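Participant: Take a look at run_7.csv, CSV, C-alpha atoms:
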chain,number,residue,atom,x,y,z
A,8,ARG,CA,21.0,-31.9,-63.5
A,9,TYR,CA,21.3,-33.8,-66.8
A,10,GLY,CA,18.4,-33.3,-69.3
A,11,ARG,CA,17.2,-30.1,-67.5
A,12,ARG,CA,16.5,-27.0,-69.5
A,13,SER,CA,16.5,-23.5,-68.2
A,14,GLN,CA,13.2,-21.6,-67.9
A,15,VAL,CA,14.3,-19.2,-70.6
A,16,GLY,CA,14.9,-22.2,-73.0
A,17,TRP,CA,11.5,-23.7,-72.4
A,18,LYS,CA,9.8,-20.3,-73.0
A,19,PHE,CA,11.6,-20.1,-76.4
A,20,VAL,CA,10.3,-23.6,-77.3
A,21,ALA,CA,6.8,-22.7,-76.2
A,22,LEU,CA,7.0,-19.5,-78.3
A,23,ILE,CA,8.0,-21.5,-81.5
A,24,ILE,CA,5.2,-24.0,-80.9
A,25,SER,CA,2.6,-21.2,-80.5
A,26,ILE,CA,3.8,-19.4,-83.6
A,27,PHE,CA,3.9,-22.4,-86.0
A,28,GLY,CA,2.0,-25.2,-84.2
A,29,ILE,CA,-1.3,-23.6,-83.4
A,30,PRO,CA,-2.0,-22.3,-87.0
A,31,TRP,CA,-1.1,-25.7,-88.3
A,32,LEU,CA,-3.5,-27.4,-85.9
A,33,ILE,CA,-6.3,-25.0,-87.0
A,34,TRP,CA,-5.5,-25.6,-90.7
A,35,SER,CA,-5.5,-29.4,-90.2
A,36,ALA,CA,-8.8,-29.4,-88.4
A,37,TRP,CA,-10.4,-27.3,-91.1
A,38,ASN,CA,-9.0,-29.4,-93.9
A,39,PHE,CA,-10.1,-32.6,-92.2
A,40,THR,CA,-13.7,-31.4,-91.7
A,41,ASN,CA,-13.8,-29.9,-95.2
A,42,PRO,CA,-12.2,-32.4,-97.6
A,43,PRO,CA,-11.8,-31.6,-101.3
A,44,TYR,CA,-14.3,-34.2,-102.1
A,45,LYS,CA,-17.1,-35.5,-99.9
A,46,VAL,CA,-19.3,-38.6,-100.5
A,47,THR,CA,-22.5,-39.0,-98.3
A,48,VAL,CA,-24.4,-42.3,-98.4
A,49,ILE,CA,-28.1,-41.6,-98.9
A,50,SER,CA,-29.5,-45.1,-98.9
A,51,TYR,CA,-28.4,-48.7,-98.9
A,52,GLU,CA,-30.6,-51.7,-99.7
A,53,THR,CA,-30.0,-55.4,-100.3
A,54,LEU,CA,-32.0,-56.5,-103.3
A,55,ASP,CA,-31.1,-60.2,-103.3
A,56,ASP,CA,-28.1,-62.4,-102.5
A,57,SER,CA,-26.1,-60.9,-105.4
A,58,ARG,CA,-27.3,-57.4,-105.8
A,59,ILE,CA,-27.4,-54.2,-103.8
A,60,SER,CA,-28.8,-50.7,-104.3
A,61,LEU,CA,-26.7,-47.8,-103.2
A,62,ALA,CA,-27.5,-44.1,-103.5
A,63,PHE,CA,-25.0,-41.4,-102.6
A,64,ALA,CA,-24.4,-37.7,-102.9
A,65,PHE,CA,-21.1,-36.3,-104.2
A,66,SER,CA,-19.9,-32.7,-103.5
A,67,ARG,CA,-16.8,-30.7,-104.1
A,68,ARG,CA,-15.3,-28.0,-101.9
A,69,ASP,CA,-14.1,-26.1,-104.9
A,70,GLU,CA,-16.9,-26.0,-107.5
A,71,THR,CA,-14.4,-25.0,-110.2
A,72,GLN,CA,-12.6,-28.4,-110.0
A,73,ASN,CA,-13.7,-31.2,-112.3
A,74,PHE,CA,-14.1,-34.7,-111.1
A,75,THR,CA,-14.8,-37.6,-113.3
A,76,CYS,CA,-15.3,-41.2,-112.2
A,77,ASN,CA,-16.3,-43.8,-114.8
A,78,LEU,CA,-16.1,-46.8,-112.6
A,79,ILE,CA,-19.3,-48.9,-112.1
A,80,ALA,CA,-19.9,-52.1,-110.1
A,81,GLU,CA,-19.8,-54.1,-113.3
A,82,ASP,CA,-16.1,-53.1,-113.8
A,83,PHE,CA,-15.2,-54.7,-110.5
A,84,ASP,CA,-17.3,-57.8,-111.0
A,85,ARG,CA,-15.9,-58.4,-114.5
A,86,ASN,CA,-12.3,-58.0,-113.5
A,87,ILE,CA,-12.7,-60.2,-110.4
A,88,ALA,CA,-14.3,-62.9,-112.6
A,89,ALA,CA,-11.6,-62.8,-115.3
A,90,ASN,CA,-8.5,-62.1,-113.3
A,91,LEU,CA,-9.2,-63.7,-109.9
A,92,ALA,CA,-12.2,-66.0,-109.8
A,93,GLY,CA,-11.2,-67.8,-113.0
A,94,PRO,CA,-7.6,-68.5,-112.0
A,95,TYR,CA,-8.7,-69.4,-108.5
A,96,HIS,CA,-11.2,-72.1,-109.5
A,97,THR,CA,-8.8,-73.4,-112.2
A,98,ALA,CA,-5.9,-73.7,-109.7
A,99,ILE,CA,-8.1,-75.4,-107.1
A,100,PHE,CA,-9.4,-77.9,-109.6
A,101,ALA,CA,-5.9,-78.6,-111.0
A,102,GLY,CA,-4.3,-78.8,-107.5
A,103,GLN,CA,-6.8,-81.3,-106.3
A,104,HIS,CA,-6.2,-83.5,-109.4
A,105,MET,CA,-2.4,-83.1,-109.0
A,106,LEU,CA,-2.5,-84.4,-105.4
A,107,ASN,CA,-4.0,-87.6,-106.7
A,108,GLN,CA,-1.2,-88.1,-109.2
A,109,ALA,CA,2.0,-90.2,-108.6
A,110,THR,CA,5.1,-88.2,-107.6
A,111,ASP,CA,7.8,-87.6,-110.2
A,112,GLU,CA,11.5,-88.3,-109.8
A,113,ASN,CA,11.9,-85.1,-107.8
A,114,GLY,CA,9.1,-85.9,-105.3
A,115,TYR,CA,6.5,-83.5,-106.9
A,116,LYS,CA,3.0,-84.2,-108.0
A,117,GLY,CA,2.6,-81.0,-110.0
A,118,ARG,CA,3.5,-77.4,-110.5
A,119,ILE,CA,1.3,-74.3,-111.0
A,120,VAL,CA,2.4,-71.0,-112.5
A,121,ASN,CA,0.0,-68.0,-112.3
A,122,ILE,CA,0.4,-64.9,-114.5
A,123,GLY,CA,0.0,-61.6,-112.5
A,124,ASP,CA,1.1,-58.1,-113.2
A,125,TRP,CA,4.0,-56.0,-112.0
A,126,ALA,CA,1.7,-53.0,-111.4
A,127,ILE,CA,0.1,-54.5,-108.3
A,128,ASP,CA,3.3,-53.6,-106.4
A,129,ARG,CA,3.4,-50.1,-108.0
A,130,PRO,CA,-0.2,-49.3,-108.9
A,131,TYR,CA,-1.0,-46.7,-111.6
A,132,ARG,CA,-4.1,-44.7,-112.1
A,133,ASP,CA,-7.4,-45.7,-114.0
A,134,TYR,CA,-7.1,-49.5,-113.6
A,135,LEU,CA,-8.3,-49.9,-110.0
A,136,PRO,CA,-10.7,-53.0,-110.5
A,137,TYR,CA,-8.0,-54.8,-112.5
A,138,LEU,CA,-5.2,-54.1,-110.0
A,139,VAL,CA,-7.4,-55.2,-107.1
A,140,ALA,CA,-8.1,-58.5,-108.9
A,141,LYS,CA,-4.5,-59.1,-109.8
A,142,GLY,CA,-3.5,-58.2,-106.2
A,143,GLY,CA,-5.8,-61.0,-105.0
A,144,LEU,CA,-4.1,-63.4,-107.4
A,145,LYS,CA,-0.8,-62.7,-105.6
A,146,THR,CA,-2.4,-63.5,-102.2
A,147,MET,CA,-4.0,-66.6,-103.7
A,148,THR,CA,-0.6,-67.8,-105.0
A,149,LEU,CA,1.0,-67.4,-101.6
A,150,GLY,CA,-1.8,-69.2,-99.8
A,151,LEU,CA,-2.2,-72.0,-102.3
A,152,ALA,CA,1.6,-72.7,-102.2
A,153,ASN,CA,1.2,-73.3,-98.5
A,154,GLU,CA,-2.0,-75.4,-98.9
A,155,LEU,CA,-0.5,-77.7,-101.6
A,156,ALA,CA,3.0,-78.1,-100.1
A,157,PRO,CA,5.1,-80.2,-100.2
A,158,HIS,CA,3.6,-82.0,-103.2
A,159,VAL,CA,2.7,-79.1,-105.6
A,160,ALA,CA,4.8,-75.9,-106.2
A,161,VAL,CA,2.8,-72.7,-106.8
A,162,ASN,CA,4.4,-69.5,-108.1
A,163,MET,CA,3.5,-66.4,-110.0
A,164,ILE,CA,5.1,-64.3,-112.7
A,165,GLN,CA,4.4,-60.6,-112.8
A,166,PRO,CA,5.3,-59.2,-116.3
A,167,ALA,CA,5.4,-55.6,-117.3
A,168,MET,CA,4.9,-54.6,-120.9
A,169,ILE,CA,5.7,-57.5,-123.1
A,170,ASP,CA,5.7,-56.6,-126.8
A,171,PRO,CA,4.1,-53.1,-127.0
A,172,PRO,CA,0.4,-53.0,-128.2
A,173,PRO,CA,0.1,-52.3,-131.9
A,174,ASP,CA,-1.7,-49.0,-131.2
A,175,MET,CA,1.0,-47.7,-129.0
A,176,THR,CA,3.0,-44.8,-130.5
A,177,ASP,CA,6.8,-44.8,-130.7
A,178,ALA,CA,6.9,-41.8,-128.4
A,179,ASP,CA,4.8,-43.7,-125.8
A,180,ILE,CA,7.1,-46.7,-126.1
A,181,GLN,CA,10.2,-44.6,-125.7
A,182,ASP,CA,8.6,-43.0,-122.6
A,183,VAL,CA,8.2,-46.4,-121.0
A,184,VAL,CA,11.7,-47.4,-122.0
A,185,MET,CA,13.2,-44.3,-120.4
A,186,GLN,CA,11.4,-45.1,-117.1
A,187,THR,CA,12.8,-48.7,-117.1
A,188,PRO,CA,16.2,-49.2,-115.5
A,189,LEU,CA,17.3,-51.7,-118.2
A,190,ARG,CA,16.1,-49.3,-120.9
A,191,ARG,CA,14.1,-51.8,-122.9
A,192,VAL,CA,10.7,-53.5,-123.2
A,193,GLY,CA,10.2,-57.2,-122.6
A,194,SER,CA,9.7,-60.0,-125.1
A,195,PRO,CA,7.6,-63.2,-124.8
A,196,ALA,CA,10.9,-65.2,-124.4
A,197,ASP,CA,11.6,-63.3,-121.1
A,198,VAL,CA,8.4,-64.7,-119.6
A,199,ASN,CA,8.4,-68.1,-121.3
A,200,GLU,CA,11.9,-69.0,-120.2
A,201,LEU,CA,11.0,-68.2,-116.6
A,202,ILE,CA,7.9,-70.3,-116.8
A,203,LEU,CA,10.0,-73.2,-118.1
A,204,TYR,CA,12.5,-72.7,-115.3
A,205,LEU,CA,9.7,-72.9,-112.6
A,206,LEU,CA,8.2,-76.0,-114.3
A,207,TYR,CA,11.3,-78.0,-115.1
A,208,SER,CA,14.5,-76.5,-113.7
A,209,THR,CA,14.1,-76.0,-110.0
A,210,ASN,CA,12.9,-78.1,-107.1
A,211,PHE,CA,13.3,-75.5,-104.4
A,212,VAL,CA,11.0,-72.6,-105.3
A,213,THR,CA,7.3,-72.2,-104.3
A,214,GLY,CA,5.2,-69.3,-103.0
A,215,THR,CA,7.3,-66.8,-105.0
A,216,CYS,CA,6.0,-63.9,-107.1
A,217,ILE,CA,8.7,-62.8,-109.6
A,218,ARG,CA,8.5,-59.4,-111.5
A,219,VAL,CA,9.7,-59.4,-115.1
A,220,ASP,CA,9.7,-55.7,-115.6
A,221,GLY,CA,13.2,-54.5,-116.4
A,222,GLY,CA,13.7,-53.1,-113.0
Please re-express this file's structure in structure tokens.
Facilitator:
Amino acid sequence: RYGRRSQVGWKFVALIISIFGIPWLIWSAWNFTNPPYKVTVISYETLDDSRISLAFAFSRRDETQNFTCNLIAEDFDRNIAANLAGPYHTAIFAGQHMLNQATDENGYKGRIVNIGDWAIDRPYRDYLPYLVAKGGLKTMTLGLANELAPHVAVNMIQPAMIDPPPDMTDADIQDVVMQTPLRRVGSPADVNELILYLLYSTNFVTGTCIRVDGG
């Protein structure tokens, strides 16, 4: 008898589903097959080992909506080169040489500290290639810490805004401050002291990514 519902009760549930559920399913199916923006690949061709040719068509469901995308392939390549490939090759080169060094009094042969960005954990708009590259740097830090253990410690610092840019207005700075739990912007000392801690003051931290962002 437990868990059983009367026939009248089930009819009421079925009525509610038919009233609200069926229109929702129809709307979902229409919205899925008619997205606000649609990209259709026209052609794809490999030109050589490092270049491709891609042609696509873009359409909007609502022609009154404006859509602007300024990203090009070069944006991605440039950010990967500067913010991921460069640190990767530098860390690999340094790590290999560190492994050939004698151990210090704490049993380490070296320490590596990468500089990331707090925004990879809370991405904001208009910086996609940069954030993808910095996100890869976090994964590299975690992987390299495992590869070089137990002889080399590898960590990463993820600062937020440290010393506002000179062209940033007081109003913009105040807006950032009000969105920060500690109600302040960072200083170079906030990052530098953490770097010194990871290099000289701890022997039990590796594979860690630390945000310096005021919360």
Participant: Within 12 Å of Tyr115 (chain A), counting only C-alpha atoms, which residues show up once you throw out same-chain ones fewer than 2 positions away? Write them as a list in words, please.
Facilitator: Gly102, Met105, Leu106, Asn107, Gln108, Ala109, Thr110, Asp111, Glu112, Asn113, Gly117, Arg118, Ile119, Leu155, Ala156, Pro157, His158, Val159, Ala160, Val161, Leu206, Tyr207, Thr209, Asn210, Phe211, Val212 and Thr213 of chain A
Participant: So which residues touch region 122-134 of chain A within 8 Å, counting all atoms listed in the file, skipping near sequence neighbours fewer than 3 positions away, as a PyMOL selection string?
Facilitator: chain A and resi 137-139+141-142+144-145+163-167+218-220
Participant: Quote the spacing between CA of Ala140 (chain A) and CA of Asn90 (chain A) in Å to one decimal place.
Facilitator: 5.7 Å
Participant: Measure the distance from CA of Thr97 (chain A) to CA of Cys216 (chain A) in Å and round it to one decimal.
Facilitator: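 That distance, rounded to one decimal, is 18.3 Å.
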Participant: To one decimal in Å, tell me the separation between CA of Leu189 (chain A) and CA of Ile169 (chain A).
Facilitator: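 If I compute the distance from CA of Leu189 (chain A) to CA of Ile169 (chain A), I get 13.9 Å.
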Participant: Tell me which of A:Ile202, A:Ala80, A:Ser50, A:Met147 sits closest to Pro94 (chain A), counting only C-alpha atoms.
Facilitator: A:Met147
Participant: Tell me which of A:Ala152, A:Val183, A:Met168, A:Ile87 sits closest to Leu135 (chain A), counting all atoms listed in the file.
Facilitator: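 Among the listed residues, A:Ile87 lies closest to Leu135 (chain A).
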Participant: From the options A:Leu151, A:Val192, A:Leu205, A:Ile49, which residue's atoms come nearest to Gln103 (chain A), counting all atoms listed in the file?
Facilitator: A:Leu151
